[in-house]
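File shown here: query23.txt, holding compact mmCIF, C-alpha atoms.
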```txt
# COMPACT_ATOMS: atom_id res chain seq x y z
CA MET A 1 1.35 111.70 289.34
CA ASN A 2 1.35 115.46 288.72
CA ARG A 3 -1.48 117.78 289.71
CA ARG A 4 -3.17 117.71 286.28
CA THR A 5 -3.19 113.93 286.05
CA PHE A 6 -4.39 113.62 289.64
CA ALA A 7 -7.19 116.11 289.11
CA ALA A 8 -8.41 114.45 285.93
CA PHE A 9 -8.33 110.94 287.43
CA ALA A 10 -10.04 111.81 290.68
CA LEU A 11 -12.70 113.98 289.06
CA ALA A 12 -13.56 111.26 286.58
CA ALA A 13 -13.98 108.80 289.43
CA SER A 14 -16.23 111.12 291.42
CA ALA A 15 -18.15 112.96 288.71
CA SER A 16 -21.22 110.78 288.82
CA ALA A 17 -21.43 110.98 292.59
CA LEU A 18 -21.12 114.76 292.62
CA ALA A 19 -23.76 115.07 289.93
CA THR A 20 -26.32 113.45 292.22
CA LEU A 21 -25.57 115.65 295.24
CA PRO A 22 -28.21 118.20 296.19
CA ALA A 23 -27.24 121.86 296.46
CA VAL A 24 -25.79 122.42 299.92
CA ALA A 25 -24.29 125.26 301.88
CA GLN A 26 -20.56 125.60 301.45
CA ASP A 27 -18.65 123.62 304.06
CA ILE A 28 -15.32 125.38 303.54
CA ASN A 29 -14.52 128.90 302.35
CA PHE A 30 -10.83 129.41 301.61
CA ARG A 31 -9.53 132.90 302.25
CA VAL A 32 -7.51 134.02 299.21
CA ASN A 33 -5.26 137.08 299.31
CA VAL A 34 -4.52 138.81 295.98
CA PRO A 35 -2.09 141.75 295.71
CA GLY A 36 -3.70 143.45 292.70
CA ASN A 37 -7.02 145.25 292.49
CA GLU A 38 -10.33 143.89 291.25
CA ASP A 39 -9.49 144.75 287.63
CA GLY A 40 -6.29 142.69 287.63
CA ILE A 41 -5.82 139.39 285.84
CA ALA A 42 -5.10 137.54 289.08
CA PHE A 43 -8.26 138.65 290.87
CA ARG A 44 -10.53 137.99 287.92
CA SER A 45 -8.93 134.57 287.38
CA VAL A 46 -9.42 133.64 291.03
CA GLU A 47 -13.04 134.72 290.75
CA HIS A 48 -13.36 132.11 287.99
CA PHE A 49 -11.51 129.62 290.21
CA ASN A 50 -14.21 130.15 292.82
CA GLU A 51 -17.02 129.52 290.33
CA VAL A 52 -15.47 126.30 289.05
CA LEU A 53 -14.55 125.15 292.56
CA LYS A 54 -18.14 125.44 293.74
CA ASP A 55 -19.33 123.49 290.71
CA LYS A 56 -16.70 120.73 290.88
CA SER A 57 -17.09 120.23 294.63
CA GLY A 58 -20.86 120.05 294.60
CA GLY A 59 -20.98 123.24 296.66
CA SER A 60 -18.81 121.98 299.51
CA LEU A 61 -15.93 124.33 298.71
CA GLY A 62 -15.74 128.03 297.96
CA THR A 63 -13.54 131.06 298.50
CA LYS A 64 -13.59 134.48 300.07
CA LEU A 65 -11.45 136.83 297.98
CA PHE A 66 -9.41 139.75 299.30
CA HIS A 67 -7.86 142.14 296.78
CA SER A 68 -5.23 144.88 297.03
CA SER A 69 -3.22 142.88 299.62
CA ALA A 70 -5.98 143.35 302.20
CA LEU A 71 -4.55 140.47 304.25
CA GLY A 72 -0.93 141.56 303.93
CA ASP A 73 1.76 141.86 301.27
CA GLN A 74 3.02 138.91 299.26
CA GLU A 75 5.90 138.07 301.60
CA SER A 76 3.47 138.06 304.52
CA SER A 77 1.07 135.85 302.57
CA ILE A 78 3.77 133.25 301.99
CA GLU A 79 4.63 133.16 305.68
CA ALA A 80 0.96 133.02 306.64
CA MET A 81 0.33 130.03 304.35
CA GLN A 82 3.37 128.24 305.72
CA SER A 83 2.04 128.87 309.23
CA SER A 84 -1.50 127.73 308.29
CA ILE A 85 -2.88 131.19 309.10
CA LEU A 86 -3.87 131.89 305.48
CA ASP A 87 -5.45 129.37 303.10
CA MET A 88 -4.47 130.66 299.65
CA ALA A 89 -2.78 133.54 297.86
CA THR A 90 -1.45 134.61 294.49
CA ILE A 91 2.28 135.30 294.52
CA GLU A 92 4.50 136.80 291.83
CA THR A 93 8.14 137.97 292.15
CA PRO A 94 8.38 137.45 295.96
CA ILE A 95 8.17 133.66 295.44
CA THR A 96 11.97 133.80 295.23
CA ALA A 97 12.03 134.56 298.95
CA VAL A 98 11.29 130.88 299.63
CA ALA A 99 12.71 129.32 296.44
CA PRO A 100 15.42 131.54 294.90
CA GLU A 101 15.78 129.12 291.98
CA LEU A 102 12.37 130.23 290.71
CA GLY A 103 14.02 133.42 289.59
CA ALA A 104 14.67 131.40 286.44
CA THR A 105 11.10 132.12 285.32
CA ALA A 106 11.82 135.85 285.66
CA LEU A 107 14.91 135.92 283.46
CA PRO A 108 14.50 138.20 280.45
CA TYR A 109 13.22 136.48 277.32
CA ILE A 110 13.37 132.98 278.82
CA PHE A 111 9.81 132.50 277.53
CA SER A 112 9.31 133.09 273.81
CA SER A 113 5.50 132.90 273.74
CA ARG A 114 2.43 131.87 275.69
CA GLU A 115 2.64 128.48 273.98
CA HIS A 116 6.14 128.11 275.37
CA VAL A 117 4.95 129.04 278.86
CA LYS A 118 2.20 126.41 278.74
CA ALA A 119 4.53 123.69 277.46
CA ALA A 120 7.03 124.42 280.22
CA MET A 121 4.52 124.68 283.08
CA ASP A 122 2.59 121.60 281.94
CA GLY A 123 5.84 119.65 281.60
CA GLU A 124 8.95 118.84 283.58
CA ALA A 125 9.72 122.46 284.45
CA GLY A 126 6.34 122.82 286.13
CA GLN A 127 6.78 119.53 287.97
CA LEU A 128 10.15 120.66 289.33
CA ILE A 129 8.63 123.96 290.51
CA GLU A 130 5.78 122.12 292.21
CA ALA A 131 8.27 119.87 294.01
CA MET A 132 10.37 122.83 295.16
CA LEU A 133 7.36 124.61 296.62
CA ALA A 134 5.90 121.46 298.18
CA GLU A 135 9.09 121.22 300.24
CA LYS A 136 8.28 124.70 301.52
CA GLY A 137 4.73 123.80 302.57
CA LEU A 138 3.09 125.38 299.52
CA ARG A 139 0.82 123.56 297.08
CA VAL A 140 0.74 124.85 293.51
CA VAL A 141 -2.91 125.06 292.50
CA GLY A 142 -2.25 126.85 289.22
CA PHE A 143 0.25 128.86 287.20
CA LEU A 144 -1.66 132.00 286.28
CA GLU A 145 -0.64 134.52 283.66
CA GLY A 146 0.57 137.80 285.03
CA GLY A 147 1.19 139.04 281.51
CA PHE A 148 4.17 140.03 279.39
CA ARG A 149 5.83 143.11 280.86
CA GLN A 150 6.31 146.33 278.89
CA ILE A 151 8.07 149.63 279.62
CA THR A 152 6.45 153.04 280.01
CA ASN A 153 8.39 156.26 280.55
CA ASN A 154 8.50 160.01 279.98
CA VAL A 155 11.96 160.33 278.42
CA ARG A 156 11.89 158.62 275.02
CA PRO A 157 10.58 155.57 273.14
CA ILE A 158 12.57 152.47 274.14
CA THR A 159 13.60 150.55 271.04
CA THR A 160 16.96 149.09 272.10
CA PRO A 161 18.66 148.69 275.49
CA GLU A 162 20.75 151.78 274.72
CA ASP A 163 17.57 153.86 274.91
CA LEU A 164 17.30 153.03 278.62
CA LYS A 165 20.59 154.72 279.46
CA GLY A 166 20.06 156.99 282.45
CA VAL A 167 16.28 156.45 282.60
CA LYS A 168 15.05 156.20 286.20
CA ILE A 169 13.00 152.99 286.23
CA ARG A 170 10.93 151.70 289.10
CA THR A 171 11.06 147.93 289.63
CA PRO A 172 9.50 145.56 292.16
CA GLY A 173 11.67 144.66 295.15
CA SER A 174 13.65 142.06 293.25
CA ALA A 175 17.46 142.07 293.12
CA LEU A 176 17.29 140.24 289.80
CA ARG A 177 14.90 142.76 288.23
CA ILE A 178 17.06 145.66 289.38
CA ALA A 179 20.14 143.93 287.96
CA ILE A 180 18.37 143.36 284.62
CA PHE A 181 17.53 147.02 284.10
CA ASN A 182 20.83 148.32 285.37
CA HIS A 183 22.54 145.93 282.94
CA TYR A 184 20.51 147.49 280.14
CA GLY A 185 21.77 150.91 281.23
CA ALA A 186 18.82 152.21 283.24
CA ASN A 187 18.96 153.64 286.74
CA ALA A 188 16.70 151.09 288.42
CA SER A 189 15.47 150.92 291.99
CA PRO A 190 12.47 149.42 293.82
CA LEU A 191 9.35 151.14 295.12
CA PRO A 192 6.06 149.76 296.51
CA PHE A 193 3.46 149.60 293.76
CA SER A 194 1.01 151.64 295.81
CA GLU A 195 3.40 154.62 295.66
CA LEU A 196 4.21 154.36 291.97
CA TYR A 197 1.58 156.65 290.41
CA SER A 198 2.65 159.56 292.60
CA ALA A 199 6.34 158.88 291.95
CA LEU A 200 5.75 158.97 288.18
CA GLN A 201 3.60 162.07 288.46
CA THR A 202 6.22 164.00 290.41
CA GLY A 203 9.17 162.78 288.35
CA VAL A 204 10.85 160.79 291.10
CA TYR A 205 10.87 158.01 288.49
CA ASP A 206 10.87 158.43 284.72
CA GLY A 207 9.18 155.13 284.06
CA GLN A 208 8.18 151.66 285.13
CA GLU A 209 7.71 148.15 283.74
CA ASN A 210 4.55 146.10 284.10
CA PRO A 211 1.94 144.30 282.01
CA VAL A 212 -0.19 146.84 280.15
CA ILE A 213 -3.28 146.02 282.19
CA TRP A 214 -1.75 148.03 285.04
CA ALA A 215 -1.14 151.03 282.81
CA GLN A 216 -4.89 151.07 282.27
CA SER A 217 -6.27 150.11 285.67
CA THR A 218 -3.98 152.45 287.64
CA LYS A 219 -4.18 155.21 284.98
CA PHE A 220 -0.45 155.43 284.32
CA TYR A 221 -1.42 156.85 280.94
CA GLU A 222 -2.18 160.08 282.79
CA VAL A 223 1.45 160.44 283.88
CA GLN A 224 3.40 158.51 281.19
CA LYS A 225 4.02 159.49 277.57
CA TYR A 226 5.67 156.46 275.95
CA LEU A 227 4.69 152.77 275.92
CA SER A 228 7.36 150.49 274.50
CA LEU A 229 6.33 146.90 273.76
CA THR A 230 9.46 145.07 274.87
CA ASN A 231 7.88 141.80 276.14
CA HIS A 232 11.05 141.56 278.21
CA LEU A 233 9.61 139.27 280.84
CA TYR A 234 6.62 137.04 281.40
CA THR A 235 5.16 137.20 284.90
CA VAL A 236 4.23 133.80 286.31
CA THR A 237 1.62 134.26 289.03
CA TYR A 238 1.56 131.32 291.41
CA LEU A 239 -1.86 130.39 292.77
CA LEU A 240 -0.87 128.66 296.01
CA MET A 241 -2.54 126.88 298.90
CA ALA A 242 -1.12 125.99 302.28
CA GLU A 243 -0.06 122.35 301.90
CA ASP A 244 -1.63 121.25 305.18
CA LYS A 245 -4.94 122.84 304.13
CA PHE A 246 -4.79 120.87 300.89
CA GLN A 247 -3.96 117.63 302.66
CA ALA A 248 -6.91 118.09 305.03
CA LEU A 249 -9.31 117.82 302.07
CA THR A 250 -10.84 114.61 300.78
CA GLU A 251 -9.41 113.21 297.55
CA ASP A 252 -12.46 114.42 295.62
CA GLN A 253 -12.11 117.90 297.09
CA GLN A 254 -8.42 117.98 296.22
CA ALA A 255 -9.31 117.06 292.64
CA ALA A 256 -11.89 119.85 292.56
CA VAL A 257 -9.30 122.39 293.76
CA LEU A 258 -6.79 121.36 291.09
CA ALA A 259 -9.40 121.29 288.33
CA ALA A 260 -10.50 124.79 289.34
CA GLY A 261 -6.85 125.81 289.24
CA GLU A 262 -6.58 124.65 285.63
CA ALA A 263 -9.70 126.62 284.76
CA ALA A 264 -8.21 129.72 286.41
CA GLU A 265 -5.02 129.25 284.37
CA ALA A 266 -6.99 129.20 281.13
CA ARG A 267 -9.01 132.25 282.12
CA SER A 268 -5.86 134.19 283.01
CA VAL A 269 -4.41 133.55 279.55
CA GLU A 270 -7.64 134.71 277.92
CA LEU A 271 -7.47 137.92 279.93
CA GLY A 272 -3.81 138.42 279.08
CA ILE A 273 -4.40 138.05 275.36
CA LYS A 274 -7.31 140.47 275.53
CA ALA A 275 -5.16 142.97 277.41
CA ASP A 276 -2.42 142.81 274.79
CA THR A 277 -4.79 143.94 272.08
CA GLU A 278 -7.62 145.99 273.54
CA ILE A 279 -5.65 147.79 276.24
CA VAL A 280 -2.81 148.85 273.95
CA THR A 281 -5.42 150.42 271.68
CA PHE A 282 -7.03 152.11 274.68
CA LEU A 283 -3.68 153.56 275.80
CA GLU A 284 -3.02 154.93 272.32
CA GLU A 285 -6.43 156.57 272.34
CA GLU A 286 -5.55 158.15 275.69
CA GLY A 287 -2.52 159.78 274.09
CA MET A 288 0.36 157.41 274.78
CA GLU A 289 2.90 156.96 272.00
CA VAL A 290 3.34 153.22 271.36
CA ASN A 291 6.31 151.55 269.69
CA GLU A 292 7.56 148.01 269.08
CA ALA A 293 10.97 147.36 270.63
CA ASP A 294 13.84 145.54 268.93
CA VAL A 295 13.48 142.22 270.76
CA GLU A 296 16.58 140.76 269.10
CA ALA A 297 18.69 143.63 270.45
CA PHE A 298 17.31 143.13 273.96
CA THR A 299 17.76 139.37 273.79
CA ALA A 300 21.38 139.76 272.70
CA GLN A 301 22.01 141.93 275.78
CA SER A 302 20.37 139.42 278.11
CA GLY A 303 22.71 136.42 277.83
CA GLN A 304 25.15 137.76 280.42
CA ILE A 305 22.28 138.29 282.87
CA TRP A 306 21.36 134.60 282.62
CA GLU A 307 24.96 133.50 283.17
CA ASP A 308 25.58 135.80 286.12
CA TRP A 309 22.34 134.84 287.85
CA ALA A 310 22.74 131.08 287.36
CA ALA A 311 26.31 131.21 288.70
CA GLU A 312 25.00 132.59 292.00
CA GLN A 313 22.36 129.86 292.43
CA GLY A 314 22.32 126.16 293.22
CA PRO A 315 22.19 123.39 290.57
CA ASP A 316 18.38 123.35 290.51
CA ALA A 317 18.41 126.86 289.03
CA GLN A 318 20.35 125.79 285.94
CA LYS A 319 18.23 122.63 285.73
CA LEU A 320 15.09 124.74 285.67
CA ILE A 321 16.54 127.02 282.99
CA ASP A 322 17.38 123.99 280.86
CA LEU A 323 13.92 122.46 281.30
CA ILE A 324 12.21 125.72 280.36
CA ARG A 325 14.35 126.14 277.28
CA ALA A 326 13.83 122.51 276.24
CA ALA A 327 10.05 123.06 276.29
CA ASP A 328 10.34 125.62 273.49
CA GLN A 329 10.35 123.09 270.66
```
Conversion result in structure tokens:
Amino acid sequence: MNRRTFAAFALAASASALATLPAVAQDINFRVNVPGNEDGIAFRSVEHFNEVLKDKSGGSLGTKLFHSSALGDQESSIEAMQSSILDMATIETPITAVAPELGATALPYIFSSREHVKAAMDGEAGQLIEAMLAEKGLRVVGFLEGGFRQITNNVRPITTPEDLKGVKIRTPGSALRIAIFNHYGANASPLPFSELYSALQTGVYDGQENPVIWAQSTKFYEVQKYLSLTNHLYTVTYLLMAEDKFQALTEDQQAAVLAAGEAAEARSVELGIKADTEIVTFLEEEGMEVNEADVEAFTAQSGQIWEDWAAEQGPDAQKLIDLIRAADQ
């Protein structure tokens, strides 16, 4: 029984009982560490998670949210959950530190649309990911949208991979992400996100790649001229809970957590869609030059990246790739 089926079954069985409970003080407040700021999709989605969790649990469960990595960076959050020091966190690229095979979700153009993402995460691909992380002591509560990633820079509009030649691009600390952009011809290297604005302002980097919401919330439009809509990668944000914390809950409470996770997923997609339209318009109004990239040209250049990466991984990596691709029907 996967998490969605379990949540629906258990909630249906307990709904009438919860409806008769009086309002009570919260018995448990989960501490949730989020790397982004309060304007980010992850934080706002976890806020919604908290609202739904309180409702579904009859007030017995709630959260205390910490933004901007207040409780440590993402790698530290993973270790803290595995050690039962931290209850919950949202994790993006660093998830590969505990399950390298999950780099499959960060391959360029492996997801064709949000509908494809949902089909994959609701299906066998999502079940395999949940099983991988459960072995590591991490319970998947939800697959949140981090958004489709786009490129900003100060050199030129990026229409094809050839336009990236020689462009100094900042990436997260991911060997795969660095390899992707170097394969396209860029000069890619990692830098902590907190240092990125200054690095763009001073010309240490020509550009960066992130969902457009970050170009707005961190004011990259002040220090970047071009926004190229490449949609080169979809960021899966894992809403995770320490497995032993989850197992300590009653069955009804577990169902409430998973139902709230589904609600957070839906809210994150709503926010992502809104960002794709409203924020792009905002960035244009702030003076950025926006262009649509040639996705076919980028996709054609990405096949070798898939092959090289899969060859370095175990069999579960190729299995996950195949399951994700099969969901795009």
request  = Go through A:Ala260, A:Ile91, A:Ile180, A:Ile321 one by one, measure the shortest atom-to-atom distance of each to Ile305 (chain A) using only C-alpha atoms, and give the residue with the smallest value.
outcome  = A:Ile180
query = Between A:Glu222, A:Glu124, A:Glu243, A:Glu79, which is the closest to Val140 (chain A) once you count all atoms listed in the file?
reply = A:Glu243
request  = Could you check how far CA of Asp276 (chain A) sits from CA of Asp73 (chain A), in Å to one decimal?
outcome  =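 Those two atoms sit 26.8 Å apart.
Reported to one decimal place, the separation of CA of Asp122 (chain A) from CA of Gln82 (chain A) is 24.7 Å.
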Write out as JSON lines the residues of region 161-230 of chain A that have any atom within 12 Å of an atom of region 106-114 of chain A, one row each with the nearest atom pair and its distance in Å to one decimal, counting all atoms listed in the file, sorted by chain and then rising number.
```
{"residue": "A:Pro172", "atom": "CA", "partner": "A:Ala106", "partner_atom": "CA", "distance": 11.9}
{"residue": "A:Ser174", "atom": "CA", "partner": "A:Ala106", "partner_atom": "CA", "distance": 10.0}
{"residue": "A:Ala175", "atom": "CA", "partner": "A:Ala106", "partner_atom": "CA", "distance": 11.2}
{"residue": "A:Leu176", "atom": "CA", "partner": "A:Leu107", "partner_atom": "CA", "distance": 8.0}
{"residue": "A:Arg177", "atom": "CA", "partner": "A:Ala106", "partner_atom": "CA", "distance": 8.0}
{"residue": "A:Ile178", "atom": "CA", "partner": "A:Leu107", "partner_atom": "CA", "distance": 11.6}
{"residue": "A:Ala179", "atom": "CA", "partner": "A:Leu107", "partner_atom": "CA", "distance": 10.6}
{"residue": "A:Ile180", "atom": "CA", "partner": "A:Pro108", "partner_atom": "CA", "distance": 7.7}
{"residue": "A:Phe181", "atom": "CA", "partner": "A:Pro108", "partner_atom": "CA", "distance": 10.0}
{"residue": "A:His183", "atom": "CA", "partner": "A:Pro108", "partner_atom": "CA", "distance": 11.4}
{"residue": "A:Tyr184", "atom": "CA", "partner": "A:Pro108", "partner_atom": "CA", "distance": 11.1}
{"residue": "A:Thr230", "atom": "CA", "partner": "A:Tyr109", "partner_atom": "CA", "distance": 9.7}
```
